[in-house]
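So this one's run35.txt, compact mmCIF, C-alpha atoms:
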```
# COMPACT_ATOMS: atom_id res chain seq x y z
CA MET A 1293 -11.64 79.69 98.76
CA HIS A 1294 -8.49 78.04 97.59
CA ARG A 1295 -8.03 80.79 95.03
CA THR A 1296 -8.46 83.46 97.71
CA SER A 1297 -5.85 81.79 99.92
CA VAL A 1298 -3.35 81.64 97.10
CA ILE A 1299 -3.89 85.30 96.31
CA ARG A 1300 -3.42 86.21 100.02
CA ARG A 1301 -0.15 84.29 100.23
CA ALA A 1302 1.10 85.98 97.07
CA VAL A 1303 0.29 89.44 98.47
CA LEU A 1304 2.02 88.66 101.78
CA ALA A 1305 5.13 87.38 100.02
CA ALA A 1306 5.31 90.51 97.89
CA ALA A 1307 5.00 92.68 101.01
CA ALA A 1308 7.83 90.80 102.71
CA VAL A 1309 10.09 91.31 99.70
CA ALA A 1310 9.25 95.03 99.70
CA LEU A 1311 10.04 95.34 103.42
CA ALA A 1312 13.36 93.54 102.98
CA ALA A 1313 14.31 95.86 100.15
CA THR A 1314 13.40 98.93 102.24
CA GLY A 1315 15.51 97.68 105.15
CA CYS A 1316 18.66 97.25 102.96
CA THR A 1317 18.27 100.70 101.57
CA ALA A 1318 18.18 102.17 105.07
CA GLN A 1319 21.30 100.23 106.05
CA ALA A 1320 23.13 101.50 103.00
CA VAL A 1321 22.31 105.09 103.95
CA GLY A 1322 23.42 104.37 107.47
CA ALA A 1323 26.82 103.05 106.28
CA ALA A 1324 27.48 106.27 104.45
CA GLY A 1325 26.65 108.32 107.56
CA GLU A 1326 28.14 108.49 111.05
CA SER A 1327 25.46 106.20 112.51
CA ALA A 1328 26.69 103.13 110.66
CA SER A 1329 27.85 100.34 112.92
CA PRO A 1330 31.45 99.04 112.57
CA SER A 1331 30.17 95.58 111.73
CA ALA A 1332 28.26 96.94 108.78
CA ALA A 1333 31.21 98.82 107.30
CA SER A 1334 33.12 97.04 104.60
CA PRO A 1335 36.91 96.63 104.84
CA SER A 1336 37.31 99.43 102.35
CA ALA A 1337 35.63 101.82 104.76
CA SER A 1338 38.77 101.94 106.95
CA SER A 1339 40.94 103.55 104.34
CA SER A 1340 44.60 102.65 104.05
CA PRO A 1341 47.21 105.34 103.28
CA SER A 1342 47.24 104.35 99.65
CA SER A 1343 43.48 104.31 99.28
CA GLY A 1344 43.25 107.65 101.07
CA ALA A 1345 45.79 109.15 98.70
CA SER A 1346 43.95 107.73 95.71
CA ALA A 1347 40.71 109.20 96.98
CA ALA A 1348 42.33 112.61 97.39
CA GLY A 1349 43.97 112.77 94.03
CA GLY A 1350 45.32 109.43 92.99
CA ALA A 1351 48.96 110.16 93.93
CA GLU A 1352 50.93 108.09 96.42
CA PRO A 1353 52.19 110.12 99.45
CA THR A 1354 55.94 110.86 99.44
CA ALA A 1355 58.26 111.62 102.40
CA SER A 1356 59.07 115.31 102.76
CA ALA A 1357 62.71 116.22 102.00
CA PRO A 1358 64.77 117.12 105.11
CA ALA A 1359 65.38 120.84 105.60
CA SER A 1360 68.87 121.94 104.50
CA THR A 1361 71.26 122.85 107.31
CA PRO A 1362 71.32 126.66 107.68
CA PRO A 1363 74.73 128.26 107.13
CA ASP A 1364 76.70 129.46 110.16
CA LYS A 1365 75.16 132.63 111.49
CA LEU A 1366 77.34 135.71 111.03
CA LEU A 1367 78.14 137.05 114.49
CA MET A 1368 80.64 139.85 113.88
CA ALA A 1369 82.14 141.68 110.92
CA GLU A 1370 83.74 145.04 110.08
CA GLY A 1371 81.63 147.81 111.55
CA THR A 1372 80.31 145.78 114.51
CA GLU A 1373 80.76 147.51 117.85
CA ASN A 1374 79.81 145.75 121.08
CA GLU A 1375 81.24 143.93 124.09
CA GLN A 1376 81.48 140.64 122.22
CA VAL A 1377 83.97 142.29 119.87
CA ARG A 1378 86.00 143.37 122.92
CA GLU A 1379 86.08 139.74 124.10
CA LEU A 1380 86.99 138.60 120.58
CA GLN A 1381 89.95 140.97 120.50
CA ALA A 1382 91.11 139.94 123.98
CA ARG A 1383 91.00 136.25 123.04
CA LEU A 1384 92.85 136.90 119.77
CA ARG A 1385 95.44 138.86 121.74
CA GLN A 1386 95.96 135.88 124.07
CA LEU A 1387 96.79 133.76 121.02
CA GLY A 1388 99.13 136.32 119.44
CA HIS A 1389 96.89 137.38 116.56
CA PHE A 1390 95.90 140.85 117.86
CA HIS A 1391 98.52 143.27 119.19
CA ARG A 1392 96.55 146.20 120.54
CA SER A 1393 94.21 146.84 123.43
CA PRO A 1394 90.63 145.71 122.86
CA THR A 1395 88.47 148.58 121.65
CA ALA A 1396 85.09 146.82 121.13
CA PHE A 1397 85.11 148.10 117.53
CA TYR A 1398 85.57 145.62 114.67
CA GLY A 1399 87.84 147.35 112.16
CA SER A 1400 90.33 146.25 109.51
CA MET A 1401 92.96 145.26 112.09
CA THR A 1402 90.49 142.95 113.82
CA ALA A 1403 89.45 141.46 110.48
CA LYS A 1404 93.11 140.76 109.69
CA ALA A 1405 93.59 139.11 113.09
CA VAL A 1406 90.49 136.95 112.58
CA SER A 1407 91.77 135.85 109.15
CA SER A 1408 95.11 134.92 110.72
CA PHE A 1409 93.35 132.78 113.33
CA GLN A 1410 91.10 131.15 110.71
CA LYS A 1411 94.10 130.18 108.56
CA LYS A 1412 95.77 128.55 111.55
CA GLN A 1413 92.57 126.61 112.23
CA ALA A 1414 92.21 125.55 108.56
CA LEU A 1415 88.98 127.54 108.27
CA PRO A 1416 87.98 129.79 105.36
CA ALA A 1417 89.87 133.05 105.95
CA THR A 1418 86.86 135.33 105.62
CA GLY A 1419 87.90 137.87 108.24
CA THR A 1420 84.40 137.66 109.68
CA VAL A 1421 83.24 135.69 112.72
CA ASP A 1422 80.59 133.01 112.30
CA GLY A 1423 79.48 130.33 114.75
CA THR A 1424 82.25 127.89 113.85
CA THR A 1425 85.01 130.51 114.15
CA TRP A 1426 83.71 131.66 117.53
CA GLU A 1427 83.51 128.08 118.85
CA ARG A 1428 87.08 127.36 117.73
CA LEU A 1429 88.33 130.60 119.29
CA THR A 1430 86.65 130.04 122.65
CA ALA A 1431 87.99 126.47 122.73
CA ALA A 1432 91.55 127.64 122.00
CA SER A 1433 91.57 130.51 124.52
CA ARG A 1434 90.38 131.26 128.03
CA LYS A 1435 87.82 133.74 129.29
CA PRO A 1436 89.54 137.17 129.41
CA THR A 1437 90.09 138.85 132.74
CA ALA A 1438 88.84 142.36 133.44
CA GLU A 1439 92.36 143.73 132.87
CA GLU A 1440 92.65 141.86 129.57
CA LEU A 1441 89.38 143.36 128.38
CA ARG A 1442 90.42 146.86 129.44
CA PRO A 1443 94.22 146.83 129.78
CA PRO A 1444 96.08 149.81 131.24
CA THR A 1445 98.10 150.43 128.08
CA THR A 1446 97.29 150.67 124.43
CA ASN A 1447 100.67 149.13 123.67
CA GLU A 1448 101.37 145.58 124.75
CA LEU A 1449 103.89 145.20 127.54
CA ASP A 1450 106.95 143.23 126.49
CA LYS A 1451 108.97 140.91 128.69
CA PRO A 1452 110.60 142.99 131.46
CA ASP A 1453 114.32 143.58 131.23
CA GLU A 1454 116.26 141.40 133.70
CA ARG A 1455 117.46 144.55 135.45
CA CYS A 1456 113.84 145.29 136.37
CA MET A 1457 113.21 142.02 138.21
CA THR A 1458 114.43 143.06 141.66
CA GLY A 1459 113.55 145.97 143.92
CA ARG A 1460 111.43 149.02 143.10
CA VAL A 1461 111.84 149.96 139.45
CA LEU A 1462 110.41 152.24 136.78
CA CYS A 1463 110.99 149.82 133.88
CA ILE A 1464 110.77 151.76 130.61
CA SER A 1465 110.83 149.96 127.26
CA LYS A 1466 111.58 151.78 124.02
CA GLU A 1467 110.61 148.64 122.11
CA SER A 1468 107.02 148.46 123.37
CA ARG A 1469 106.79 152.17 124.31
CA THR A 1470 105.57 151.35 127.79
CA LEU A 1471 106.45 152.13 131.38
CA ALA A 1472 105.92 149.45 134.02
CA TRP A 1473 106.13 150.32 137.71
CA MET A 1474 107.43 147.10 139.23
CA ILE A 1475 108.11 145.89 142.75
CA ASP A 1476 110.11 142.68 143.22
CA GLY A 1477 109.47 141.52 139.66
CA LYS A 1478 105.71 142.17 139.64
CA VAL A 1479 104.00 144.84 137.55
CA VAL A 1480 102.03 147.16 139.83
CA SER A 1481 100.98 149.63 137.15
CA ALA A 1482 101.68 150.24 133.47
CA MET A 1483 101.16 153.04 130.95
CA ASP A 1484 102.01 154.17 127.42
CA VAL A 1485 105.03 156.45 127.00
CA ARG A 1486 106.65 158.59 124.32
CA PHE A 1487 110.34 159.40 123.99
CA GLY A 1488 112.63 162.11 122.71
CA SER A 1489 113.11 162.84 119.02
CA GLU A 1490 116.20 161.96 117.01
CA ASN A 1491 117.83 165.27 117.93
CA THR A 1492 116.96 165.03 121.62
CA PRO A 1493 116.92 161.27 122.40
CA THR A 1494 115.98 159.77 125.74
CA ARG A 1495 119.06 158.27 127.32
CA GLU A 1496 119.20 154.51 127.95
CA GLY A 1497 120.67 152.73 130.94
CA ILE A 1498 120.19 152.33 134.68
CA PHE A 1499 119.39 155.45 136.71
CA LYS A 1500 117.80 156.52 139.98
CA VAL A 1501 114.99 158.94 140.72
CA ASP A 1502 116.90 161.91 142.10
CA ARG A 1503 114.08 164.44 142.37
CA LYS A 1504 110.27 164.59 142.30
CA GLU A 1505 108.17 167.64 141.41
CA ARG A 1506 104.36 167.45 141.43
CA GLU A 1507 104.19 170.74 139.51
CA TRP A 1508 107.06 171.82 137.26
CA GLU A 1509 107.70 173.97 134.21
CA SER A 1510 110.61 173.36 131.90
CA THR A 1511 113.22 176.08 132.28
CA LEU A 1512 114.42 175.46 128.70
CA TYR A 1513 111.16 174.98 126.78
CA HIS A 1514 108.70 176.66 129.19
CA THR A 1515 106.23 173.79 129.01
CA SER A 1516 104.29 172.29 131.90
CA MET A 1517 105.67 169.00 133.31
CA PRO A 1518 103.25 167.74 136.02
CA TYR A 1519 104.25 164.75 138.14
CA SER A 1520 107.91 164.94 137.13
CA MET A 1521 110.28 162.23 138.36
CA PHE A 1522 113.79 163.25 137.26
CA PHE A 1523 116.29 160.47 136.63
CA SER A 1524 119.05 161.82 134.33
CA GLY A 1525 119.84 165.52 134.51
CA GLY A 1526 116.87 167.36 133.01
CA GLN A 1527 115.22 164.18 131.69
CA ALA A 1528 112.22 163.03 133.64
CA VAL A 1529 109.12 160.89 133.50
CA HIS A 1530 106.18 163.33 133.43
CA TYR A 1531 102.66 163.90 132.17
CA SER A 1532 102.36 165.47 128.70
CA SER A 1533 99.18 167.11 127.45
CA ASP A 1534 100.74 167.15 123.97
CA PHE A 1535 101.16 163.38 124.05
CA LYS A 1536 97.53 163.02 125.14
CA ALA A 1537 96.37 165.25 122.29
CA ARG A 1538 98.65 164.18 119.43
CA GLY A 1539 99.83 160.73 120.43
CA TYR A 1540 102.91 159.50 118.61
CA ASN A 1541 102.70 162.24 116.00
CA GLY A 1542 104.99 164.26 118.24
CA GLY A 1543 107.94 163.65 120.56
CA SER A 1544 109.61 164.97 123.67
CA HIS A 1545 112.89 166.83 124.18
CA GLY A 1546 114.35 163.75 125.85
CA CYS A 1547 111.86 163.18 128.64
CA VAL A 1548 109.59 160.13 129.00
CA ASN A 1549 106.09 161.46 128.28
CA VAL A 1550 102.98 159.86 129.81
CA ARG A 1551 99.44 160.59 128.57
CA ASP A 1552 97.42 158.99 131.41
CA MET A 1553 97.53 161.64 134.15
CA ASP A 1554 95.52 159.71 136.75
CA ARG A 1555 97.63 156.58 136.43
CA LEU A 1556 100.87 158.56 136.57
CA ALA A 1557 99.65 160.51 139.59
CA ALA A 1558 99.05 157.25 141.48
CA VAL A 1559 102.54 155.98 140.62
CA PHE A 1560 104.09 159.36 141.50
CA ASP A 1561 102.71 158.96 145.03
CA GLN A 1562 104.29 155.49 145.36
CA VAL A 1563 107.73 156.13 143.86
CA LYS A 1564 110.45 157.28 146.26
CA VAL A 1565 113.58 159.25 145.58
CA GLY A 1566 116.31 156.66 145.09
CA ASP A 1567 114.10 154.10 143.31
CA LYS A 1568 115.67 152.56 140.21
CA VAL A 1569 114.89 153.60 136.63
CA VAL A 1570 115.77 151.31 133.71
CA VAL A 1571 115.40 152.60 130.14
CA HIS A 1572 116.00 149.83 127.61
CA TRP A 1573 115.16 148.43 124.19
```
Translate this structure into structure tokens?
Amino acid sequence: MHRTSVIRRAVLAAAAVALAATGCTAQAVGAAGESASPSAASPSASSSPSSGASAAGGAEPTASAPASTPPDKLLMAEGTENEQVRELQARLRQLGHFHRSPTAFYGSMTAKAVSSFQKKQALPATGTVDGTTWERLTAASRKPTAEELRPPTTNELDKPDERCMTGRVLCISKESRTLAWMIDGKVVSAMDVRFGSENTPTREGIFKVDRKEREWESTLYHTSMPYSMFFSGGQAVHYSSDFKARGYNGGSHGCVNVRDMDRLAAVFDQVKVGDKVVVHW
């Protein structure tokens, strides 16, 4: 009886040990899976950055290098043709770097003007417009007006002669090759003009409009002279189709040629016989 009791206790003890072992094994499986409780997980289960890196490949993580600053974006260069180029040229003209009317086309003259501006600003004189050049230019100039973007003359008007500052005057400059119709010192309209050749020069001085002819043909050269305003004998301000076609490759026989018919026609209607004409350098 005593022997049987001892054997029973031994068997029960062995069974308890077996059950305990089975329970630990189940817990270990649970810790490896998603069902493991937080209390059962060891501190190493919540991986630190270094342990995570070691698990992935053994290398410590490194900070990524900052991206390099991209170079200034090129905005305009030779060959560009758009309205931003027109604004560029108008702004450069305000600052005295560009001496023609804006055309919206970026050619060699615009590149030279940009280089001039860049040198003055201590920027690399590339002759092209990047972000920095454009920012400097817009800061140094003002937004162009409509007339600055599309001025009435190709040539830049110079400072009016003092004799043009009072009354109603056709102020004609041989220096800038322009005509300005002025009233009381203010420019009402302006246009490009061409003068006589060396053998038939346009006379200089102060004159008066003594005759107006909407349609006229030269009695000497038999050429058409629309919108003629005579001021010195046979010399007159008038429209010239040759000037429109050939520009400054030709010359007049002493008259002041205009190539913008519409603009001249408007001035013709405003000018009166007796108004002053000043031809000067």
Cut-off 9 Å around (102.2, 165.0, 136.3) with all atoms listed in the file: residues as JSON, numbers by chain: {"A": [1505, 1506, 1507, 1508, 1516, 1517, 1518, 1519, 1520, 1521, 1529, 1530, 1531, 1532, 1550, 1553, 1554, 1556, 1557, 1560]}
Limited to C-alpha atoms, could you put the picked residues into a file as a compact mmCIF listing (two decimals), in the frame of the given file?
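Contents of the output file out.txt:
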```
# COMPACT_ATOMS: atom_id res chain seq x y z
CA GLU A 1505 108.17 167.64 141.41
CA ARG A 1506 104.36 167.45 141.43
CA GLU A 1507 104.19 170.74 139.51
CA TRP A 1508 107.06 171.82 137.26
CA SER A 1516 104.29 172.29 131.90
CA MET A 1517 105.67 169.00 133.31
CA PRO A 1518 103.25 167.74 136.02
CA TYR A 1519 104.25 164.75 138.14
CA SER A 1520 107.91 164.94 137.13
CA MET A 1521 110.28 162.23 138.36
CA VAL A 1529 109.12 160.89 133.50
CA HIS A 1530 106.18 163.33 133.43
CA TYR A 1531 102.66 163.90 132.17
CA SER A 1532 102.36 165.47 128.70
CA VAL A 1550 102.98 159.86 129.81
CA MET A 1553 97.53 161.64 134.15
CA ASP A 1554 95.52 159.71 136.75
CA LEU A 1556 100.87 158.56 136.57
CA ALA A 1557 99.65 160.51 139.59
CA PHE A 1560 104.09 159.36 141.50
```
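Comparing the minimum interatomic distances between His1545 of chain A and each of A:Leu1512, A:Cys1456, A:Ala1558, A:Leu1387, counting all atoms listed in the file, we find that A:Leu1512 sits nearest.
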Interatomic distance (Å, one decimal) between atom CA of Cys1463 of chain A and atom CA of Phe1523 of chain A: 12.2 Å
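What separates atom CA of Gly1371 of chain A from atom CA of Glu1427 of chain A is a distance of 21.1 Å.
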Separation of atom CA of Tyr1540 of chain A from atom CA of Met1457 of chain A in Å: 28.2 Å
Nearest residue to Asp1476 of chain A from the set A:Gly1543, A:Ala1537, A:Thr1494, A:Arg1455 (distances using only C-alpha atoms): A:Arg1455
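Proximity of A:Ser1489, A:Gln1562, A:Gln1386, A:Thr1420 to Lys1435 of chain A, computed with all atoms listed in the file, is greatest for A:Gln1386.
Counting only C-alpha atoms, the residue from A:Gly1459, A:Pro1444, A:Gly1488, A:Gly1525 that sits nearest to Lys1568 of chain A is A:Gly1459.
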What would segment 1411-1422 of chain A look like with all heavy atoms in place, written as a PDB file, keeping the file's coordinate frame?
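The resulting selection-v8.pdb:
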```
ATOM      1  N   LYS A1411      93.110 130.931 109.353  1.00  0.00           N
ATOM      2  CA  LYS A1411      94.100 130.180 108.560  1.00  0.00           C
ATOM      3  C   LYS A1411      94.777 129.128 109.422  1.00  0.00           C
ATOM      4  O   LYS A1411      94.986 127.991 108.981  1.00  0.00           O
ATOM      5  CB  LYS A1411      95.136 131.140 107.980  1.00  0.00           C
ATOM      6  CG  LYS A1411      94.609 132.022 106.855  1.00  0.00           C
ATOM      7  CD  LYS A1411      95.676 133.003 106.394  1.00  0.00           C
ATOM      8  CE  LYS A1411      95.135 133.938 105.319  1.00  0.00           C
ATOM      9  NZ  LYS A1411      96.153 134.951 104.913  1.00  0.00           N
ATOM     10  N   LYS A1412      95.110 129.487 110.654  1.00  0.00           N
ATOM     11  CA  LYS A1412      95.770 128.550 111.550  1.00  0.00           C
ATOM     12  C   LYS A1412      94.855 127.391 111.908  1.00  0.00           C
ATOM     13  O   LYS A1412      95.318 126.272 112.158  1.00  0.00           O
ATOM     14  CB  LYS A1412      96.229 129.270 112.812  1.00  0.00           C
ATOM     15  CG  LYS A1412      97.163 128.442 113.684  1.00  0.00           C
ATOM     16  CD  LYS A1412      97.813 129.278 114.756  1.00  0.00           C
ATOM     17  CE  LYS A1412      98.824 128.453 115.563  1.00  0.00           C
ATOM     18  NZ  LYS A1412      99.486 129.257 116.614  1.00  0.00           N
ATOM     19  N   GLN A1413      93.554 127.641 111.899  1.00  0.00           N
ATOM     20  CA  GLN A1413      92.570 126.610 112.230  1.00  0.00           C
ATOM     21  C   GLN A1413      92.054 125.868 110.996  1.00  0.00           C
ATOM     22  O   GLN A1413      91.142 125.056 111.099  1.00  0.00           O
ATOM     23  CB  GLN A1413      91.386 127.255 112.964  1.00  0.00           C
ATOM     24  CG  GLN A1413      91.705 127.793 114.343  1.00  0.00           C
ATOM     25  CD  GLN A1413      91.872 126.696 115.369  1.00  0.00           C
ATOM     26  OE1 GLN A1413      91.099 125.737 115.392  1.00  0.00           O
ATOM     27  NE2 GLN A1413      92.871 126.815 116.223  1.00  0.00           N
ATOM     28  N   ALA A1414      92.647 126.174 109.824  1.00  0.00           N
ATOM     29  CA  ALA A1414      92.210 125.550 108.560  1.00  0.00           C
ATOM     30  C   ALA A1414      90.749 125.856 108.250  1.00  0.00           C
ATOM     31  O   ALA A1414      90.018 125.023 107.711  1.00  0.00           O
ATOM     32  CB  ALA A1414      92.462 124.052 108.578  1.00  0.00           C
ATOM     33  N   LEU A1415      90.324 127.067 108.599  1.00  0.00           N
ATOM     34  CA  LEU A1415      88.980 127.540 108.270  1.00  0.00           C
ATOM     35  C   LEU A1415      89.060 128.533 107.122  1.00  0.00           C
ATOM     36  O   LEU A1415      90.119 129.115 106.880  1.00  0.00           O
ATOM     37  CB  LEU A1415      88.357 128.238 109.494  1.00  0.00           C
ATOM     38  CG  LEU A1415      88.083 127.372 110.731  1.00  0.00           C
ATOM     39  CD1 LEU A1415      87.672 128.261 111.906  1.00  0.00           C
ATOM     40  CD2 LEU A1415      87.006 126.348 110.436  1.00  0.00           C
ATOM     41  N   PRO A1416      87.968 128.760 106.404  1.00  0.00           N
ATOM     42  CA  PRO A1416      87.980 129.790 105.360  1.00  0.00           C
ATOM     43  C   PRO A1416      88.357 131.147 105.962  1.00  0.00           C
ATOM     44  O   PRO A1416      87.748 131.584 106.937  1.00  0.00           O
ATOM     45  CB  PRO A1416      86.533 129.789 104.850  1.00  0.00           C
ATOM     46  CG  PRO A1416      86.022 128.417 105.171  1.00  0.00           C
ATOM     47  CD  PRO A1416      86.671 128.032 106.456  1.00  0.00           C
ATOM     48  N   ALA A1417      89.378 131.780 105.401  1.00  0.00           N
ATOM     49  CA  ALA A1417      89.870 133.050 105.950  1.00  0.00           C
ATOM     50  C   ALA A1417      89.011 134.203 105.462  1.00  0.00           C
ATOM     51  O   ALA A1417      89.405 135.003 104.629  1.00  0.00           O
ATOM     52  CB  ALA A1417      91.337 133.257 105.563  1.00  0.00           C
ATOM     53  N   THR A1418      87.809 134.306 106.033  1.00  0.00           N
ATOM     54  CA  THR A1418      86.860 135.330 105.620  1.00  0.00           C
ATOM     55  C   THR A1418      87.093 136.669 106.307  1.00  0.00           C
ATOM     56  O   THR A1418      86.662 137.708 105.814  1.00  0.00           O
ATOM     57  CB  THR A1418      85.425 134.875 105.932  1.00  0.00           C
ATOM     58  OG1 THR A1418      85.305 134.687 107.356  1.00  0.00           O
ATOM     59  CG2 THR A1418      85.104 133.564 105.229  1.00  0.00           C
ATOM     60  N   GLY A1419      87.730 136.637 107.472  1.00  0.00           N
ATOM     61  CA  GLY A1419      87.900 137.870 108.240  1.00  0.00           C
ATOM     62  C   GLY A1419      86.653 138.274 108.993  1.00  0.00           C
ATOM     63  O   GLY A1419      86.623 139.318 109.639  1.00  0.00           O
ATOM     64  N   THR A1420      85.628 137.436 108.925  1.00  0.00           N
ATOM     65  CA  THR A1420      84.400 137.660 109.680  1.00  0.00           C
ATOM     66  C   THR A1420      84.224 136.499 110.656  1.00  0.00           C
ATOM     67  O   THR A1420      84.797 135.426 110.473  1.00  0.00           O
ATOM     68  CB  THR A1420      83.171 137.753 108.772  1.00  0.00           C
ATOM     69  OG1 THR A1420      83.042 136.525 108.033  1.00  0.00           O
ATOM     70  CG2 THR A1420      83.309 138.914 107.803  1.00  0.00           C
ATOM     71  N   VAL A1421      83.410 136.701 111.684  1.00  0.00           N
ATOM     72  CA  VAL A1421      83.240 135.690 112.720  1.00  0.00           C
ATOM     73  C   VAL A1421      81.859 135.054 112.604  1.00  0.00           C
ATOM     74  O   VAL A1421      80.838 135.721 112.789  1.00  0.00           O
ATOM     75  CB  VAL A1421      83.428 136.291 114.127  1.00  0.00           C
ATOM     76  CG1 VAL A1421      83.211 135.223 115.197  1.00  0.00           C
ATOM     77  CG2 VAL A1421      84.817 136.900 114.262  1.00  0.00           C
ATOM     78  N   ASP A1422      81.838 133.758 112.286  1.00  0.00           N
ATOM     79  CA  ASP A1422      80.590 133.010 112.300  1.00  0.00           C
ATOM     80  C   ASP A1422      80.604 132.063 113.501  1.00  0.00           C
ATOM     81  O   ASP A1422      81.527 132.096 114.324  1.00  0.00           O
ATOM     82  CB  ASP A1422      80.399 132.233 110.987  1.00  0.00           C
ATOM     83  CG  ASP A1422      81.568 131.286 110.697  1.00  0.00           C
ATOM     84  OD1 ASP A1422      82.345 130.986 111.628  1.00  0.00           O
ATOM     85  OD2 ASP A1422      81.694 130.850 109.539  1.00  0.00           O
TER      86      ASP A1422
END
```
